[in-house]
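File shown: work_1.pdb (PDB, C-alpha atoms and all ligand atoms).
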```
ATOM      1  CA  MET A 581      10.971 -21.871  -5.758
ATOM      2  CA  ALA A 582       9.432 -18.551  -6.692
ATOM      3  CA  ALA A 583       6.693 -16.989  -4.619
ATOM      4  CA  THR A 584       3.180 -17.477  -5.976
ATOM      5  CA  ASN A 585      -0.233 -15.983  -5.370
ATOM      6  CA  ILE A 586      -1.680 -19.189  -3.949
ATOM      7  CA  GLU A 587      -2.447 -18.579  -0.313
ATOM      8  CA  VAL A 588      -0.840 -21.314   1.772
ATOM      9  CA  TRP A 589      -1.408 -20.552   5.442
ATOM     10  CA  GLN A 590       1.038 -21.648   8.103
ATOM     11  CA  LEU A 591       2.140 -20.751  11.592
ATOM     12  CA  GLY A 592       4.885 -18.223  12.072
ATOM     13  CA  THR A 593       6.869 -17.677  15.265
ATOM     14  CA  VAL A 594       8.008 -14.175  16.164
ATOM     15  CA  VAL A 595      11.692 -14.314  17.090
ATOM     16  CA  GLU A 596      12.668 -10.656  17.259
ATOM     17  CA  VAL A 597      10.945  -7.270  17.563
ATOM     18  CA  ARG A 598      12.632  -3.881  17.575
ATOM     19  CA  SER A 599      11.938  -0.248  16.686
ATOM     20  CA  VAL A 600      13.506   1.002  13.463
ATOM     21  CA  ALA A 601      11.972   4.513  13.351
ATOM     22  CA  THR A 602       9.258   6.514  15.073
ATOM     23  CA  ASP A 603       6.248   4.184  15.387
ATOM     24  CA  ILE A 604       7.780   1.579  13.060
ATOM     25  CA  LYS A 605       8.588  -1.910  14.335
ATOM     26  CA  ARG A 606      10.676  -4.533  12.644
ATOM     27  CA  VAL A 607       9.331  -8.036  13.284
ATOM     28  CA  VAL A 608      11.328 -11.143  12.436
ATOM     29  CA  ILE A 609       9.217 -14.248  11.860
ATOM     30  CA  GLU A 610      10.205 -17.881  11.414
ATOM     31  CA  PRO A 611       7.577 -19.603   9.233
ATOM     32  CA  SER A 612       6.782 -23.279   9.845
ATOM     33  CA  GLN A 613       6.949 -24.030   6.089
ATOM     34  CA  PRO A 614       9.722 -21.761   4.779
ATOM     35  CA  LYS A 615       9.729 -20.658   1.175
ATOM     36  CA  LYS A 616      12.092 -18.220  -0.494
ATOM     37  CA  ALA A 617      10.688 -14.688  -0.831
ATOM     38  CA  GLU A 618      11.261 -13.015  -4.187
ATOM     39  CA  PRO A 619      11.747  -9.218  -4.332
ATOM     40  CA  GLY A 620       8.404  -7.416  -4.256
ATOM     41  CA  SER A 621       6.649 -10.194  -2.386
ATOM     42  CA  HIS A 622       4.509  -9.843   0.726
ATOM     43  CA  VAL A 623       2.829 -12.011   3.322
ATOM     44  CA  ASP A 624      -0.751 -11.882   4.466
ATOM     45  CA  VAL A 625      -1.022 -11.976   8.234
ATOM     46  CA  MET A 626      -4.077 -12.817  10.308
ATOM     47  CA  VAL A 627      -4.445 -10.039  12.862
ATOM     48  CA  ASN A 628      -6.708  -9.968  15.870
ATOM     49  CA  ILE A 629      -8.709  -6.772  16.224
ATOM     50  CA  ASP A 630     -10.927  -6.576  19.297
ATOM     51  CA  GLY A 631     -11.472 -10.333  19.213
ATOM     52  CA  HIS A 632     -12.110 -10.506  15.445
ATOM     53  CA  GLU A 633      -9.711 -12.035  12.949
ATOM     54  CA  ASP A 634      -8.843 -10.025   9.873
ATOM     55  CA  LYS A 635      -6.230 -10.225   7.149
ATOM     56  CA  ARG A 636      -3.523  -7.652   6.444
ATOM     57  CA  SER A 637      -0.768  -7.589   3.826
ATOM     58  CA  TYR A 638       2.805  -6.615   4.688
ATOM     59  CA  SER A 639       5.813  -6.402   2.379
ATOM     60  CA  ILE A 640       8.703  -8.731   3.072
ATOM     61  CA  VAL A 641      11.560  -6.378   3.838
ATOM     62  CA  GLU A 642      14.155  -9.082   4.068
ATOM     63  CA  SER A 643      14.348 -12.832   3.963
ATOM     64  CA  SER A 644      17.021 -15.459   4.444
ATOM     65  CA  GLU A 645      17.980 -17.388   1.296
ATOM     66  CA  ASP A 646      15.814 -20.364   2.297
ATOM     67  CA  GLY A 647      12.950 -18.244   3.607
ATOM     68  CA  ALA A 648      13.415 -19.565   7.153
ATOM     69  CA  ARG A 649      13.398 -15.978   8.491
ATOM     70  CA  LEU A 650      11.145 -13.271   7.130
ATOM     71  CA  VAL A 651      11.188  -9.641   8.182
ATOM     72  CA  ILE A 652       8.232  -7.278   8.016
ATOM     73  CA  SER A 653       8.197  -3.693   9.265
ATOM     74  CA  VAL A 654       4.980  -2.016  10.270
ATOM     75  CA  LEU A 655       4.026   1.570  10.969
ATOM     76  CA  LYS A 656       1.556   2.049  13.801
ATOM     77  CA  ALA A 657      -0.780   4.338  11.890
ATOM     78  CA  PRO A 658      -2.561   6.961  14.010
ATOM     79  CA  LEU A 659      -5.791   6.109  12.162
ATOM     80  CA  SER A 660      -5.096   2.394  12.140
ATOM     81  CA  ARG A 661      -8.089   0.096  11.636
ATOM     82  CA  GLY A 662      -6.395  -2.162  14.192
ATOM     83  CA  GLY A 663      -3.956  -4.260  12.154
ATOM     84  CA  SER A 664      -0.855  -2.237  12.855
ATOM     85  CA  ARG A 665      -1.828  -1.900  16.531
ATOM     86  CA  PHE A 666      -1.952  -5.688  16.734
ATOM     87  CA  ILE A 667       1.453  -6.099  15.074
ATOM     88  CA  HIS A 668       2.928  -3.614  17.545
ATOM     89  CA  THR A 669       1.816  -5.817  20.461
ATOM     90  CA  LEU A 670       3.787  -8.838  19.197
ATOM     91  CA  GLN A 671       6.615 -10.170  21.329
ATOM     92  CA  PRO A 672       9.279 -12.832  20.695
ATOM     93  CA  GLY A 673       7.704 -16.266  21.143
ATOM     94  CA  ASP A 674       4.262 -15.199  19.878
ATOM     95  CA  GLN A 675       2.747 -17.268  17.107
ATOM     96  CA  LEU A 676       0.575 -15.988  14.303
ATOM     97  CA  GLU A 677      -0.980 -17.236  11.110
ATOM     98  CA  ILE A 678       0.763 -16.075   7.968
ATOM     99  CA  THR A 679       0.776 -17.057   4.313
ATOM    100  CA  GLN A 680       3.800 -18.171   2.397
ATOM    101  CA  PRO A 681       5.259 -15.293   0.348
ATOM    102  CA  LEU A 682       2.786 -13.891  -2.202
ATOM    103  CA  GLN A 683       3.765 -11.945  -5.257
ATOM    104  CA  ASN A 684       1.954  -9.188  -7.098
ATOM    105  CA  PHE A 685       4.764  -6.650  -7.462
ATOM    106  CA  PRO A 686       7.440  -8.597  -9.326
ATOM    107  CA  LEU A 687      10.764  -7.096 -10.314
ATOM    108  CA  ARG A 688      11.492  -7.541 -14.010
ATOM    109  CA  VAL A 689      15.161  -8.363 -14.303
ATOM    110  CA  GLY A 690      16.893  -7.113 -17.452
ATOM    111  CA  ALA A 691      15.711  -3.498 -17.782
ATOM    112  CA  ARG A 692      18.340  -0.962 -18.912
ATOM    113  CA  ARG A 693      17.705   1.310 -15.935
ATOM    114  CA  TYR A 694      15.610   1.305 -12.794
ATOM    115  CA  THR A 695      14.223   3.948 -10.495
ATOM    116  CA  LEU A 696      12.861   2.726  -7.199
ATOM    117  CA  LEU A 697      10.709   5.276  -5.390
ATOM    118  CA  ALA A 698       9.638   4.845  -1.784
ATOM    119  CA  GLY A 699       7.524   7.295   0.199
ATOM    120  CA  GLY A 700       7.424   6.828   3.979
ATOM    121  CA  ILE A 701       6.513   3.311   5.044
ATOM    122  CA  GLY A 702       6.432   2.379   1.330
ATOM    123  CA  ILE A 703      10.138   1.755   1.823
ATOM    124  CA  THR A 704       9.237  -1.733   3.072
ATOM    125  CA  ALA A 705       8.185  -2.791  -0.447
ATOM    126  CA  MET A 706      11.382  -1.510  -2.047
ATOM    127  CA  ILE A 707      14.229  -2.643   0.222
ATOM    128  CA  ASN A 708      14.408  -6.221  -1.019
ATOM    129  CA  MET A 709      14.163  -5.065  -4.639
ATOM    130  CA  ALA A 710      16.973  -2.559  -4.190
ATOM    131  CA  ARG A 711      19.181  -5.196  -2.599
ATOM    132  CA  VAL A 712      18.643  -7.534  -5.562
ATOM    133  CA  LEU A 713      19.403  -4.767  -8.085
ATOM    134  CA  ARG A 714      22.585  -3.914  -6.225
ATOM    135  CA  ASN A 715      23.678  -7.565  -6.209
ATOM    136  CA  LEU A 716      22.950  -7.768  -9.943
ATOM    137  CA  LYS A 717      25.064  -4.635 -10.466
ATOM    138  CA  ALA A 718      22.075  -3.095 -12.270
ATOM    139  CA  ASP A 719      21.860   0.594 -13.178
ATOM    140  CA  TYR A 720      19.477   1.866 -10.518
ATOM    141  CA  THR A 721      18.569   4.928  -8.491
ATOM    142  CA  PHE A 722      16.819   4.396  -5.189
ATOM    143  CA  VAL A 723      14.750   7.438  -4.176
ATOM    144  CA  TYR A 724      13.498   7.568  -0.584
ATOM    145  CA  ALA A 725      11.209  10.410   0.514
ATOM    146  CA  GLY A 726       9.919  11.080   4.013
ATOM    147  CA  ARG A 727       8.656  13.785   6.319
ATOM    148  CA  THR A 728      11.385  13.635   8.951
ATOM    149  CA  ARG A 729      14.611  11.688   9.321
ATOM    150  CA  THR A 730      13.436   9.981  12.516
ATOM    151  CA  ALA A 731      10.308   8.675  10.768
ATOM    152  CA  MET A 732      12.322   7.030   7.981
ATOM    153  CA  ALA A 733      13.094   3.385   8.701
ATOM    154  CA  TYR A 734      16.430   1.847   7.723
ATOM    155  CA  LEU A 735      17.903   5.147   6.483
ATOM    156  CA  GLU A 736      21.428   4.516   7.780
ATOM    157  CA  GLU A 737      21.578   0.909   6.609
ATOM    158  CA  LEU A 738      20.373   1.959   3.161
ATOM    159  CA  HIS A 739      23.036   4.675   2.940
ATOM    160  CA  GLU A 740      25.697   2.136   3.816
ATOM    161  CA  LEU A 741      24.449  -0.446   1.330
ATOM    162  CA  HIS A 742      23.540   1.726  -1.647
ATOM    163  CA  GLY A 743      25.903   4.702  -1.302
ATOM    164  CA  ALA A 744      25.446   7.182  -4.163
ATOM    165  CA  ASN A 745      22.590   5.140  -5.642
ATOM    166  CA  LEU A 746      20.401   6.275  -2.741
ATOM    167  CA  VAL A 747      18.807   9.725  -3.102
ATOM    168  CA  VAL A 748      17.024  10.945   0.012
ATOM    169  CA  HIS A 749      14.370  13.683   0.242
ATOM    170  CA  ILE A 750      13.248  14.890   3.661
ATOM    171  CA  ASP A 751      10.448  17.452   3.953
ATOM    172  CA  ASP A 752      11.502  19.071   7.223
ATOM    173  CA  GLU A 753      15.078  19.454   5.993
ATOM    174  CA  GLY A 754      13.885  21.436   2.966
ATOM    175  CA  THR A 755      14.729  18.727   0.441
ATOM    176  CA  SER A 756      11.217  17.564  -0.486
ATOM    177  CA  LEU A 757      10.854  15.392  -3.544
ATOM    178  CA  ASP A 758       9.925  17.224  -6.745
ATOM    179  CA  VAL A 759       7.908  14.685  -8.737
ATOM    180  CA  ASN A 760       8.164  16.705 -11.978
ATOM    181  CA  GLU A 761      11.930  16.759 -11.695
ATOM    182  CA  LEU A 762      12.069  13.063 -10.897
ATOM    183  CA  VAL A 763       9.933  12.036 -13.869
ATOM    184  CA  ALA A 764      11.639  14.567 -16.184
ATOM    185  CA  GLY A 765      14.933  12.856 -15.415
ATOM    186  CA  THR A 766      13.515   9.453 -16.316
ATOM    187  CA  THR A 767      14.604   8.013 -19.653
ATOM    188  CA  GLU A 768      12.296   5.984 -21.892
ATOM    189  CA  ASP A 769      14.138   2.779 -21.055
ATOM    190  CA  THR A 770      13.771   3.263 -17.294
ATOM    191  CA  GLU A 771      11.391   1.123 -15.280
ATOM    192  CA  LEU A 772      10.031   2.921 -12.237
ATOM    193  CA  TYR A 773       8.804   0.907  -9.248
ATOM    194  CA  MET A 774       7.070   2.771  -6.457
ATOM    195  CA  CYS A 775       5.264   2.377  -3.189
ATOM    196  CA  GLY A 776       4.070   5.201  -0.978
ATOM    197  CA  PRO A 777       1.151   7.445  -0.068
ATOM    198  CA  ILE A 778      -1.642   7.819  -2.617
ATOM    199  CA  ARG A 779      -0.816  11.523  -3.167
ATOM    200  CA  LEU A 780       2.725  10.668  -4.208
ATOM    201  CA  MET A 781       1.691   7.789  -6.448
ATOM    202  CA  ASP A 782      -1.079   9.826  -8.078
ATOM    203  CA  ALA A 783       1.365  12.678  -8.781
ATOM    204  CA  VAL A 784       3.858  10.281 -10.361
ATOM    205  CA  ARG A 785       1.175   8.585 -12.462
ATOM    206  CA  ARG A 786      -0.168  11.948 -13.664
ATOM    207  CA  THR A 787       3.275  13.256 -14.589
ATOM    208  CA  TRP A 788       4.193   9.945 -16.200
ATOM    209  CA  THR A 789       1.071  10.141 -18.382
ATOM    210  CA  GLU A 790       1.686  13.812 -19.275
ATOM    211  CA  ARG A 791       5.179  12.969 -20.453
ATOM    212  CA  GLU A 792       3.828  10.052 -22.479
ATOM    213  CA  LEU A 793       6.256   7.586 -20.942
ATOM    214  CA  SER A 794       5.592   3.895 -21.404
ATOM    215  CA  TYR A 795       2.875   2.878 -18.950
ATOM    216  CA  PRO A 796       4.105  -0.735 -18.588
ATOM    217  CA  ASN A 797       7.365   0.752 -17.286
ATOM    218  CA  LEU A 798       5.541   2.214 -14.295
ATOM    219  CA  ARG A 799       4.918  -0.365 -11.611
ATOM    220  CA  PHE A 800       3.546   0.149  -8.169
ATOM    221  CA  GLU A 801       2.506  -1.539  -4.974
ATOM    222  CA  THR A 802      -0.305  -0.234  -2.850
ATOM    223  CA  PHE A 803      -1.672  -1.596   0.320
ATOM    224  CA  GLY A 804      -4.797   0.488  -0.093
ATOM    225  CA  ASN A 805      -4.639   2.132   3.283
ATOM    226  CA  SER A 806      -3.740   5.738   2.698
ATOM    227  CA  GLY A 807      -6.159   8.366   1.500
ATOM    228  CA  TRP A 808      -6.329  12.064   0.764
ATOM    229  CA  TYR A 809      -8.419  12.799   3.850
ATOM    230  CA  ASP A 810      -8.822  11.376   7.312
ATOM    231  CA  PRO A 811     -11.409   8.611   7.393
ATOM    232  CA  GLU A 812     -14.736   9.571   8.951
ATOM    233  CA  GLU A 813     -17.963   7.681   9.526
ATOM    234  CA  PHE A 814     -20.411   7.903   6.620
ATOM    235  CA  ILE A 815     -23.612   6.244   5.419
ATOM    236  CA  VAL A 816     -23.951   3.990   2.393
ATOM    237  CA  LYS A 817     -27.368   3.212   0.937
ATOM    238  CA  ILE A 818     -28.289   0.523  -1.602
ATOM    239  CA  PRO A 819     -31.955   1.167  -2.556
ATOM    240  CA  SER A 820     -32.270  -2.049  -4.593
ATOM    241  CA  LEU A 821     -31.413  -4.096  -1.484
ATOM    242  CA  GLY A 822     -33.186  -1.832   0.982
ATOM    243  CA  LEU A 823     -29.907  -1.315   2.821
ATOM    244  CA  GLN A 824     -28.699   1.696   4.780
ATOM    245  CA  VAL A 825     -25.414   0.963   6.521
ATOM    246  CA  PRO A 826     -23.074   3.124   8.605
ATOM    247  CA  VAL A 827     -19.405   2.741   7.667
ATOM    248  CA  GLY A 828     -17.210   3.408  10.696
ATOM    249  CA  ALA A 829     -13.928   5.271  10.366
ATOM    250  CA  GLY A 830     -12.076   2.036  11.099
ATOM    251  CA  HIS A 831     -13.872  -0.051   8.455
ATOM    252  CA  SER A 832     -14.104  -0.072   4.696
ATOM    253  CA  MET A 833     -17.361   0.281   2.793
ATOM    254  CA  LEU A 834     -16.834  -3.230   1.451
ATOM    255  CA  GLU A 835     -16.518  -4.654   4.976
ATOM    256  CA  ALA A 836     -19.587  -2.774   6.183
ATOM    257  CA  LEU A 837     -21.668  -4.035   3.247
ATOM    258  CA  GLU A 838     -20.450  -7.605   3.718
ATOM    259  CA  ASP A 839     -21.333  -7.418   7.409
ATOM    260  CA  ALA A 840     -24.800  -6.193   6.418
ATOM    261  CA  GLY A 841     -25.279  -9.277   4.225
ATOM    262  CA  ALA A 842     -24.694  -7.755   0.773
ATOM    263  CA  ASP A 843     -23.146 -10.149  -1.730
ATOM    264  CA  MET A 844     -20.139  -8.150  -2.910
ATOM    265  CA  MET A 845     -17.584  -8.818  -5.629
ATOM    266  CA  PHE A 846     -13.921  -8.223  -4.805
ATOM    267  CA  ASP A 847     -10.443  -9.548  -5.382
ATOM    268  CA  CYS A 848      -7.440  -7.477  -4.270
ATOM    269  CA  ARG A 849      -9.193  -5.445  -1.525
ATOM    270  CA  LYS A 850      -6.551  -2.768  -1.990
ATOM    271  CA  GLY A 851      -7.808  -0.559  -4.789
ATOM    272  CA  GLU A 852      -5.964  -2.155  -7.676
ATOM    273  CA  CYS A 853      -8.251  -4.517  -9.599
ATOM    274  CA  GLY A 854     -11.542  -2.600  -9.827
ATOM    275  CA  LEU A 855     -13.609  -5.702  -9.139
ATOM    276  CA  CYS A 856     -15.405  -4.145  -6.184
ATOM    277  CA  GLU A 857     -16.658  -1.247  -8.309
ATOM    278  CA  VAL A 858     -20.012   0.260  -7.306
ATOM    279  CA  ARG A 859     -21.997   2.870  -9.233
ATOM    280  CA  ILE A 860     -22.714   6.114  -7.424
ATOM    281  CA  LEU A 861     -26.362   7.111  -7.779
ATOM    282  CA  GLN A 862     -26.401  10.020  -5.378
ATOM    283  CA  LEU A 863     -23.874  11.711  -3.147
ATOM    284  CA  GLU A 864     -24.142  14.059  -0.211
ATOM    285  CA  GLY A 865     -20.532  14.988   0.445
ATOM    286  CA  ASP A 866     -17.536  13.959  -1.643
ATOM    287  CA  ILE A 867     -15.599  10.813  -2.505
ATOM    288  CA  ASP A 868     -12.079  10.266  -1.232
ATOM    289  CA  HIS A 869     -10.854   8.027  -4.047
ATOM    290  CA  ARG A 870      -8.082   5.877  -2.572
ATOM    291  CA  ASP A 871      -7.663   3.406  -5.419
ATOM    292  CA  VAL A 872      -5.065   3.295  -8.172
ATOM    293  CA  PHE A 873      -7.484   1.663 -10.613
ATOM    294  CA  TYR A 874      -9.387   4.651 -12.018
ATOM    295  CA  SER A 875      -7.870   7.519 -14.008
ATOM    296  CA  ALA A 876      -7.995  11.072 -12.651
ATOM    297  CA  ARG A 877     -10.806  11.822 -15.147
ATOM    298  CA  GLN A 878     -12.863   8.845 -13.957
ATOM    299  CA  LYS A 879     -12.343   9.881 -10.357
ATOM    300  CA  SER A 880     -13.477  13.446 -10.920
ATOM    301  CA  ALA A 881     -16.603  12.208 -12.726
ATOM    302  CA  THR A 882     -17.785  10.689  -9.407
ATOM    303  CA  GLU A 883     -19.783   7.990 -11.173
ATOM    304  CA  LYS A 884     -18.160   4.955  -9.602
ATOM    305  CA  MET A 885     -15.805   4.011  -6.813
ATOM    306  CA  ALA A 886     -13.738   1.107  -5.555
ATOM    307  CA  CYS A 887     -15.583   0.332  -2.347
ATOM    308  CA  CYS A 888     -12.758  -1.730  -0.830
ATOM    309  CA  VAL A 889     -10.688   1.398  -0.176
ATOM    310  CA  SER A 890     -12.502   4.582  -1.249
ATOM    311  CA  ARG A 891     -14.730   6.459   1.165
ATOM    312  CA  ALA A 892     -17.288   9.228   1.356
ATOM    313  CA  VAL A 893     -16.219  12.358   3.219
ATOM    314  CA  THR A 894     -18.079  15.502   4.237
ATOM    315  CA  SER A 895     -15.826  17.811   2.262
ATOM    316  CA  LYS A 896     -12.670  17.400   0.242
ATOM    317  CA  THR A 897     -11.916  21.097   0.067
ATOM    318  CA  GLY A 898     -12.837  22.259   3.519
ATOM    319  CA  LEU A 899     -14.570  25.206   1.828
ATOM    320  CA  ALA A 900     -18.022  23.837   1.326
ATOM    321  CA  ALA A 901     -19.166  20.871   3.290
ATOM    322  CA  GLU A 902     -22.141  19.629   1.327
ATOM    323  CA  ALA A 903     -22.897  16.891   3.758
ATOM    324  CA  SER A 904     -26.343  15.808   4.829
ATOM    325  CA  ALA A 905     -28.449  17.214   7.608
ATOM    326  CA  THR A 906     -26.937  14.620   9.971
ATOM    327  CA  GLY A 907     -23.476  16.047   9.309
ATOM    328  CA  GLN A 908     -22.370  12.793   7.738
ATOM    329  CA  ALA A 909     -21.599  12.106   4.113
ATOM    330  CA  ILE A 910     -24.120   9.807   2.434
ATOM    331  CA  VAL A 911     -23.428   7.835  -0.705
ATOM    332  CA  THR A 912     -26.221   5.980  -2.505
ATOM    333  CA  ILE A 913     -24.945   3.216  -4.743
ATOM    334  CA  ALA A 914     -25.914   0.385  -7.056
ATOM    335  CA  VAL A 915     -23.957  -2.851  -7.069
ATOM    336  CA  SER A 916     -23.611  -4.983 -10.186
TER     337      SER A 916
HETATM  338  S1  LIG B   1     -11.265  -5.420  -4.636
HETATM  339 FE1  LIG B   1      -9.753  -4.765  -6.063
HETATM  340  S2  LIG B   1     -10.117  -2.635  -6.248
HETATM  341 FE2  LIG B   1     -11.468  -3.261  -4.714
END
```
Using structure tokens, write down the structure that the file contains.
Ligand code: FES
Amino acid sequence: MAATNIEVWQLGTVVEVRSVATDIKRVVIEPSQPKKAEPGSHVDVMVNIDGHEDKRSYSIVESSEDGARLVISVLKAPLSRGGSRFIHTLQPGDQLEITQPLQNFPLRVGARRYTLLAGGIGITAMINMARVLRNLKADYTFVYAGRTRTAMAYLEELHELHGANLVVHIDDEGTSLDVNELVAGTTEDTELYMCGPIRLMDAVRRTWTERELSYPNLRFETFGNSGWYDPEEFIVKIPSLGLQVPVGAGHSMLEALEDAGADMMFDCRKGECGLCEVRILQLEGDIDHRDVFYSARQKSATEKMACCVSRAVTSKTGLAAEASATGQAIVTIAVS
């Protein structure tokens, strides 16, 4: 049966853990209620951060035909909010709460051509898709970009499996990805699926739009956790509720407002649906827009933000920090 978006929670048992690149661990889990994982699907995992439970989403890198074994691979992010640190503590025999496979990045079978683009740890969302396209003998190019070879998980296995279909770009080997070139080489009947850092995905979306390619042919997965700037603590104020709340570097604005008792709207919590939109009334500092919901024009207007992922920062340019007297960015908002 196909994966759905209905969250069915179950226990999963960790049966294998190993390193697959610098700071990236591969974790094999046996779910108590197995269900086949379609390409593009993910599981939500309950992680324990300093005694608090929280939910994180991880792509299913690999799954057995019956779903009895699922593989996730997780990068221990230096600025982790705690989820990846928790995953990196797992050992065989540990049990954790996971959902059955969930799907919001489906592969449309039947396109004339495919380009799969993975940046860094975004590879985890693309591996299963690429395997399916290979098995279907589809016309596909699998582009994998990373900073260094040692930081790129599964590189050798992917070379072996995909041969000439795999195109690798590695920054410190002087072969960085040229987004213009990539999109210029994309035909109108190509579907492009991507997952990677926000800078990469923004560049592809911008170039895609400039070249007037079909927008439905551009599909992406984000886990809403990478930004343009390092997260820093900032203040959010909601005058209508009399709230002034600090947002720690390890928390989202949405979480901080929920903790403060604000009744917030949200759905995806990863910058895709726009449901958590707040209006910006005043800003001391800048906004690090981390969503993929707003257009570049909407982002530069600084009138609204997706508070589940986007943050206030003291300066985007480093040239003129227009932060408040306290040295922290302050954003004053209205919620709908
Ligand atoms: S909840 Fe979907 S963009 Fe914030």
Given the file above and the PyMOL selection byres (((not hetatm)) within 10 of (chain B and resi 1)), which residues are selected, and can you give them as a ChimeraX atom specification? /A:804,834,844-858,870-874,885-890
Would you tabulate, counting all atoms listed in the file, all residues of segment 699-733 of chain A that have an atom at most 10 Å from an atom of segment 619-640 of chain A, showing the closest pair of atoms and their distance in Å to one decimal, sorted by chain then ascending number, as a Markdown table?
```
| residue | atom | partner | partner_atom | distance |
| --- | --- | --- | --- | --- |
| A:Gly702 | CA | A:Ser639 | CA | 8.9 |
| A:Ile703 | CA | A:Ser639 | CA | 9.2 |
| A:Thr704 | CA | A:Ser639 | CA | 5.8 |
| A:Ala705 | CA | A:Ser639 | CA | 5.2 |
| A:Met706 | CA | A:Gly620 | CA | 7.0 |
| A:Ile707 | CA | A:Pro619 | CA | 8.4 |
| A:Asn708 | CA | A:Pro619 | CA | 5.2 |
| A:Met709 | CA | A:Pro619 | CA | 4.8 |
| A:Ala710 | CA | A:Pro619 | CA | 8.5 |
| A:Arg711 | CA | A:Pro619 | CA | 8.6 |
| A:Val712 | CA | A:Pro619 | CA | 7.2 |
| A:Leu713 | CA | A:Pro619 | CA | 9.6 |
```
For those residues, write C-alpha atoms to a file as a PDB file, in the frame of the given file.
```
ATOM      1  CA  GLY A 702       6.432   2.379   1.330  1.00  0.00           C
ATOM      2  CA  ILE A 703      10.138   1.755   1.823  1.00  0.00           C
ATOM      3  CA  THR A 704       9.237  -1.733   3.072  1.00  0.00           C
ATOM      4  CA  ALA A 705       8.185  -2.791  -0.447  1.00  0.00           C
ATOM      5  CA  MET A 706      11.382  -1.510  -2.047  1.00  0.00           C
ATOM      6  CA  ILE A 707      14.229  -2.643   0.222  1.00  0.00           C
ATOM      7  CA  ASN A 708      14.408  -6.221  -1.019  1.00  0.00           C
ATOM      8  CA  MET A 709      14.163  -5.065  -4.639  1.00  0.00           C
ATOM      9  CA  ALA A 710      16.973  -2.559  -4.190  1.00  0.00           C
ATOM     10  CA  ARG A 711      19.181  -5.196  -2.599  1.00  0.00           C
ATOM     11  CA  VAL A 712      18.643  -7.534  -5.562  1.00  0.00           C
ATOM     12  CA  LEU A 713      19.403  -4.767  -8.085  1.00  0.00           C
TER      13      LEU A 713
END
```
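The nearest approach to Val827 of chain A among the residues A:Glu813, A:Asp758, A:Glu790, A:Asp839, with only C-alpha atoms taken into account, belongs to A:Glu813.
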Mind pulling up the distance from atom CA of Asp769 of chain A to atom CA of Thr787 of chain A? 16.4 Å
I'd like the neighbourhood of segment 732-749 of chain A as a count of residues only, where a residue qualifies if any of its atoms comes within 8 Å (using all atoms listed in the file), though same-chain residues fewer than 3 positions away should be ignored. 21
Which of these, A:Glu838, A:Asp603, A:Glu771, A:Glu812, has the shortest distance to Gly865 of chain A once you count all atoms listed in the file? A:Glu812
Among the residues A:Gly841, A:Leu716, A:Pro777, A:Val784, the one that comes closest to Val689 of chain A [using only C-alpha atoms]: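 Using only C-alpha atoms, Val689 of chain A sits closest to A:Leu716.
Remark: for Val588 of chain A, the closest of the candidate residues A:Glu835, A:Glu753, A:Asp646, A:Glu677 is A:Glu677 (distances computed over only C-alpha atoms).
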I need the residue set behind the PyMOL selection byres (((chain A and resi 760) around 12) and not hetatm) for this file; please write it as a PyMOL selection string. chain A and resi 756-759+761-766+780+783-791
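Here atom CA of Ile913 of chain A and atom CA of Gly663 of chain A stand 28.0 Å from one another.
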Go through A:Met833, A:Ala909, A:Ala914, A:Ala881 one by one, measure the shortest atom-to-atom distance of each to Arg859 of chain A using only C-alpha atoms, and give the residue with the smallest value.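 Of all the options, A:Ala914 lies closest to Arg859 of chain A.
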Quick one: which residues end up in the PyMOL selection byres (((chain A and resi 610) around 8) and not hetatm) for this structure, as a count of residues only? 12
